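Undergrad: Input: one structure, supplied below.
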Amino acid sequence: MISALVASAVLAPMTMIDRLRQYESDLGSLTRFYNIEFSPARTARLQKFYADQLAELGKVDFDAFDQDGKVDAILFRNLLERNQSQLKTQEKQTKEAFVYLPFAEEILGLSEARQQMKPVDGQASSALVAKIEREITDLKKSLEAKKDADKFVAFRAAKMSDRLSEQFTEWYAFYNKYDPQFGWWVAEPYERTSKALKEFSGFIREKLCGIKPGDSNPIVGDPIGREALLEELKYDMIPYTPEELIEMGKKEFAWCEIEMKKAAKELGYGDDWKKALEHTKMDFVAPGKQPQLIHDQAIEAIKYVEDNNLVTVPQLAKETWRMQMMSRERQKVSPFFLGGEAILVSFPTDEMEHQEKLMSLRANNIHFARATVHHELIPGHHLQQYSNARHKSYRRLFTTPFWTEGWALYFEFLFWEMGFPKTPENKIGMLFWRMHRCARIIFSLSFHMKQMTADECIKMLVDKVGHEQSTAEGEVRRSFGGDYPPLYQIAYMVGAFQFWEMRRELVESKKMTNRQFHDAILQQNNIPVEMLRALLTNQKLTRDFQTNWKFYNR
């Protein structure tokens, strides 16, 4: 006889939290097994997985959920549909790149047969490995004179070739020395083919992408196109087109210029805000003194938040943030600060050339730092991460940069309105970053729609925003290097305006205090801001909810 406890467990419906945790575990199992990102087999298996998940989600009783459950159900559907869309984009990109990698399916076949523990035939493997070497040799000859290569697709192919080389090495190492007949047949052709495969990636980079040997930090990128941008905007619940967002960036940039001129006049430079910016850049601490500056600015920001009753700062959050110094190599990608529980500080290192040191000093001056330390620590990323680990952590599946970066920049907006900048130099420091975030909207969307090149993006940051050459290169390299999703750079300002409009609705209307508003946001974890608004306003929700919140009202 089944006990009452077992019977209730069998009959109990799955909650959304249980469903999300199971999905995360199942997805982890699949992606660890099908671990080659561009493999057609992985794509097909994930397509089925997402379709099955959507079908199961369609069977749940949406109206029986409370508001949190409804939000989670909408976000889950949104996530699954976005994953399906990304698979389609990836499939298209893979087919484009495979034109330069006719041997890819053969290497994938070897790797996946090993993963599935199919018997290996040393003699047959030897013949196939030798065939791959011939294909690489013939392909190089045919590409030598190619003049019309798409450098973005070619660069993608080069990165895929690197990944195939890793898989090829892993496949060989699995059998070699453990299977005597395998090594006898395969060892010699493997060495030749492995060498040819590694050289082929460099060949593509040099001949088709124009990247010189030894250039370890090229800026190429991989524009995703307008349609893919629209799909990404849909997932992040941003009901604006790329063109509308670019206009938003231009409008806000014009506002920044007006405020820059006001600050320049205070310093005696008239309307020449670029001269005032140069004046501000020269106000930096001596080498070796930056850690103390950052520490003092962090404490200042925490005190400002608490004195103005803006948000709850737990004692442990105040106590446990750390500081690390950034290496020269890391600064080529991140020329300014990065943050979280540990703030990573950019400043000149001994290995830098003299001009590099000067640019790093100027770029990390006192006032630029004061404008961003609170962005990285408290009330910014450190406080966010601290709260995310302790409130509704299952929602990490729905993480969006519009919440992550939008919140941190929103506090820069709020600090500005509350009078945090004390001097004209302080104002210029805050305005530089605000102007930079406007430029990010313009150049990142334009790049992904192939309307600007990487070099044009760098030039815009130097000429229009006032970046140092090295920091402009670092920012563009960071934007298009592949470590950040395509909408990440627009998320700072666009997300900030989402929070700003929500504050107007809930705080300026006296429905909530600043502290109640900000605490409530942190307790819901990292989700698209429109869904956060639905929770805080108890908005009526339906299963087929679609983004419709026009939040930009300036």
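To be explicit about the labels: the chains of the structure tokens are called A, B, and onward in the order shown, and within each one the residues are counted from 1, while ligands get numbers from 1 in the order they are shown.
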Quick one: which segment 348-451 of chain A residues come within 12 Å of segment 134-153 of chain A, and what is the nearest atom pair for each with the distance in Å to one decimal, counting only C-alpha atoms, rows ordered by chain and ascending number, as JSON lines?

TA:
{"residue": "A:Phe447", "atom": "CA", "partner": "A:Phe152", "partner_atom": "CA", "distance": 11.7}
{"residue": "A:His448", "atom": "CA", "partner": "A:Phe152", "partner_atom": "CA", "distance": 11.1}
{"residue": "A:Lys450", "atom": "CA", "partner": "A:Phe152", "partner_atom": "CA", "distance": 10.5}

Undergrad: Could you tell me, as number ranges by chain, which residues of segment 78-263 of chain A DSSP assigns to alpha helix (DSSP H) when given the backbone?

TA: A: 78-98, 104-115, 122-143, 151-175, 180-207, 226-235, 242-263

Undergrad: Show which residues sit within 8 Å of Gln324 of chain A, as a PyMOL selection string. Count only C-alpha atoms, and ignore same-chain residues fewer than 4 positions away.

TA: chain A and resi 342-345

Undergrad: Choose the residue, out of A:Ile204, A:Glu508, A:Gly474, A:Pro40, that has the smallest atom-to-atom separation from Glu105 of chain A; count only C-alpha atoms.

TA: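 Nearest to Glu105 of chain A: A:Pro40.
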
Undergrad: State, in Å with one decimal place, the distance from atom CA of Ala472 of chain A to atom CA of Ile458 of chain A.

TA: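 That distance, rounded to one decimal, is 5.3 Å.
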
Undergrad: Of the candidates A:Phe545, A:Met418, A:Gln469, A:Leu310, which shows the shortest atom-to-atom distance to Thr513 of chain A, using only C-alpha atoms?

TA: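 The shortest atom-to-atom distance to Thr513 of chain A comes from A:Leu310.
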
Undergrad: My list of candidates is A:Ala157, A:Cys256, A:Leu522, A:Ala44. Which is closest to His436 of chain A when distances are computed with only C-alpha atoms?

TA: A:Cys256

Undergrad: Tell me which protein, DNA and RNA residues are within 10 Å of segment 19-28 of chain A, counting only C-alpha atoms, leaving out same-chain ones fewer than 5 positions away, and put them as number ranges by chain.

TA: A: 14, 33-34, 46, 49-50, 53, 56-57, 72-73, 76, 394-397

Undergrad: Set the distance at 12 Å and use only C-alpha atoms: which residues neighbour Met117 of chain A once local chain neighbours fewer than 5 positions away are removed? I'd like the list as a short mmCIF file (atom, residue, chain, number, x, y, z; two decimals) with all heavy atoms, in the first residue's frame.

TA:
data_model
loop_
_atom_site.label_atom_id
_atom_site.label_comp_id
_atom_site.auth_asym_id
_atom_site.auth_seq_id
_atom_site.Cartn_x
_atom_site.Cartn_y
_atom_site.Cartn_z
N LEU A 110 34.23 12.01 -36.14
CA LEU A 110 35.18 11.26 -35.32
C LEU A 110 34.94 11.55 -33.83
O LEU A 110 34.89 10.64 -33.00
CB LEU A 110 36.61 11.65 -35.69
CG LEU A 110 37.13 11.21 -37.05
CD1 LEU A 110 38.50 11.83 -37.32
CD2 LEU A 110 37.22 9.69 -37.13
N SER A 111 34.80 12.84 -33.50
CA SER A 111 34.63 13.24 -32.11
C SER A 111 33.34 12.69 -31.52
O SER A 111 33.31 12.19 -30.39
CB SER A 111 34.67 14.77 -32.01
OG SER A 111 34.56 15.18 -30.67
N GLU A 112 32.27 12.79 -32.29
CA GLU A 112 30.96 12.36 -31.76
C GLU A 112 30.84 10.85 -31.70
O GLU A 112 30.16 10.30 -30.81
CB GLU A 112 29.85 12.99 -32.60
CG GLU A 112 29.75 14.50 -32.33
CD GLU A 112 28.88 15.25 -33.33
OE1 GLU A 112 28.46 14.64 -34.34
OE2 GLU A 112 28.65 16.45 -33.10
N TRP A 171 40.25 13.56 -29.54
CA TRP A 171 39.88 12.26 -30.13
C TRP A 171 41.09 11.34 -30.20
O TRP A 171 41.04 10.18 -29.78
CB TRP A 171 39.30 12.49 -31.53
CG TRP A 171 39.18 11.24 -32.35
CD1 TRP A 171 38.21 10.29 -32.26
CD2 TRP A 171 40.07 10.80 -33.38
NE1 TRP A 171 38.43 9.28 -33.17
CE2 TRP A 171 39.57 9.57 -33.86
CE3 TRP A 171 41.25 11.32 -33.94
CZ2 TRP A 171 40.20 8.85 -34.88
CZ3 TRP A 171 41.87 10.61 -34.96
CH2 TRP A 171 41.36 9.40 -35.42
N PHE A 174 42.43 10.06 -26.77
CA PHE A 174 41.58 9.08 -26.11
C PHE A 174 42.00 7.65 -26.45
O PHE A 174 42.01 6.76 -25.59
CB PHE A 174 40.12 9.31 -26.51
CG PHE A 174 39.15 8.38 -25.83
CD1 PHE A 174 38.66 8.68 -24.56
CD2 PHE A 174 38.73 7.20 -26.43
CE1 PHE A 174 37.77 7.83 -23.92
CE2 PHE A 174 37.84 6.35 -25.80
CZ PHE A 174 37.36 6.67 -24.54
N TYR A 175 42.36 7.41 -27.72
CA TYR A 175 42.68 6.05 -28.17
C TYR A 175 44.18 5.75 -28.15
O TYR A 175 44.59 4.61 -27.89
CB TYR A 175 42.17 5.84 -29.60
CG TYR A 175 40.67 5.91 -29.73
CD1 TYR A 175 40.07 6.99 -30.36
CD2 TYR A 175 39.85 4.91 -29.21
CE1 TYR A 175 38.68 7.07 -30.48
CE2 TYR A 175 38.47 4.98 -29.31
CZ TYR A 175 37.90 6.06 -29.96
OH TYR A 175 36.54 6.12 -30.08
#

Undergrad: Sorted by chain and rising residue number, which residues of segment 140-179 of chain A lie within 12 Å of segment 477-489 of chain A, and what are their closest atom pairs and distances in Å to one decimal, counting only C-alpha atoms, as a Markdown table?

TA:
| residue | atom | partner | partner_atom | distance |
| --- | --- | --- | --- | --- |
| A:Phe152 | CA | A:Phe480 | CA | 11.2 |
| A:Phe155 | CA | A:Gly481 | CA | 11.1 |
| A:Arg156 | CA | A:Gly482 | CA | 10.3 |
| A:Lys159 | CA | A:Gly482 | CA | 10.7 |

Undergrad: Do a neighbour search on Asn83 of chain A at 10 Å with only C-alpha atoms, toss out local chain neighbours closer than 5 positions, and write the hits as a VMD selection string.

TA: chain A and resid 46 to 47 50 77 to 78 88 to 89 235

Undergrad: Dump N, CA, C and O atoms for the selected residues as a PDB file, in the first residue's frame?

TA:
ATOM      1  N   LEU A  46      19.160  19.996 -29.322  1.00  0.00           N
ATOM      2  CA  LEU A  46      18.636  21.111 -28.548  1.00  0.00           C
ATOM      3  C   LEU A  46      17.328  21.635 -29.121  1.00  0.00           C
ATOM      4  O   LEU A  46      16.432  22.046 -28.370  1.00  0.00           O
ATOM      5  N   GLN A  47      17.191  21.602 -30.428  1.00  0.00           N
ATOM      6  CA  GLN A  47      15.912  22.008 -31.030  1.00  0.00           C
ATOM      7  C   GLN A  47      14.772  21.136 -30.500  1.00  0.00           C
ATOM      8  O   GLN A  47      13.704  21.642 -30.145  1.00  0.00           O
ATOM      9  N   TYR A  50      14.113  22.022 -26.685  1.00  0.00           N
ATOM     10  CA  TYR A  50      13.354  23.254 -26.480  1.00  0.00           C
ATOM     11  C   TYR A  50      11.902  23.099 -26.915  1.00  0.00           C
ATOM     12  O   TYR A  50      10.989  23.611 -26.253  1.00  0.00           O
ATOM     13  N   ARG A  77       8.836  30.747 -21.145  1.00  0.00           N
ATOM     14  CA  ARG A  77       8.457  30.665 -22.559  1.00  0.00           C
ATOM     15  C   ARG A  77       9.335  31.590 -23.416  1.00  0.00           C
ATOM     16  O   ARG A  77       9.816  31.230 -24.482  1.00  0.00           O
ATOM     17  N   ASN A  78       9.552  32.784 -22.898  1.00  0.00           N
ATOM     18  CA  ASN A  78      10.378  33.767 -23.588  1.00  0.00           C
ATOM     19  C   ASN A  78      11.802  33.231 -23.796  1.00  0.00           C
ATOM     20  O   ASN A  78      12.397  33.370 -24.871  1.00  0.00           O
ATOM     21  N   LYS A  88      18.616  28.902 -34.672  1.00  0.00           N
ATOM     22  CA  LYS A  88      18.445  29.152 -36.111  1.00  0.00           C
ATOM     23  C   LYS A  88      19.544  30.076 -36.635  1.00  0.00           C
ATOM     24  O   LYS A  88      20.107  29.854 -37.707  1.00  0.00           O
ATOM     25  N   THR A  89      19.831  31.123 -35.868  1.00  0.00           N
ATOM     26  CA  THR A  89      20.910  32.039 -36.262  1.00  0.00           C
ATOM     27  C   THR A  89      22.243  31.313 -36.306  1.00  0.00           C
ATOM     28  O   THR A  89      23.025  31.464 -37.254  1.00  0.00           O
ATOM     29  N   TYR A 235      13.500  39.213 -26.825  1.00  0.00           N
ATOM     30  CA  TYR A 235      13.767  38.435 -25.619  1.00  0.00           C
ATOM     31  C   TYR A 235      13.950  39.349 -24.414  1.00  0.00           C
ATOM     32  O   TYR A 235      13.421  39.074 -23.324  1.00  0.00           O
TER      33      TYR A 235
END

Undergrad: Select, from A:Val186, A:Ala286, A:Ile378, A:Ala389, the residue with the minimum atom-to-atom distance to Gln123 of chain A, counting only C-alpha atoms.

TA: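 Of A:Val186, A:Ala286, A:Ile378, A:Ala389, the one nearest Gln123 of chain A is A:Val186, counting only C-alpha atoms.
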
Undergrad: Do a neighbour search on Thr471 of chain A at 12 Å with only C-alpha atoms, toss out local chain neighbours closer than 2 positions, and write the hits as a VMD selection string.

TA: chain A and resid 330 to 337 346 to 347 356 to 364 436 458 to 459 461 to 462 465 to 469 473 to 478

Undergrad: Would you return as a PyMOL selection string the members of segment 89-330 of chain A that DSSP assigns to strand (DSSP E or B) on this structure's backbone?

TA: chain A and resi 322-325

Undergrad: Which one is closest to Met260 of chain A: A:Phe65, A:Phe432, A:Trp185, A:Trp403? Count only C-alpha atoms.

TA: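 For Met260 of chain A, the nearest of the given residues is A:Phe432.
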
Undergrad: Closest to Pro421 of chain A among A:Ala158, A:Met325, A:Ile294, A:Ala263, using only C-alpha atoms?

TA: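 With only C-alpha atoms as the atom set, the closest residue is A:Ala263.
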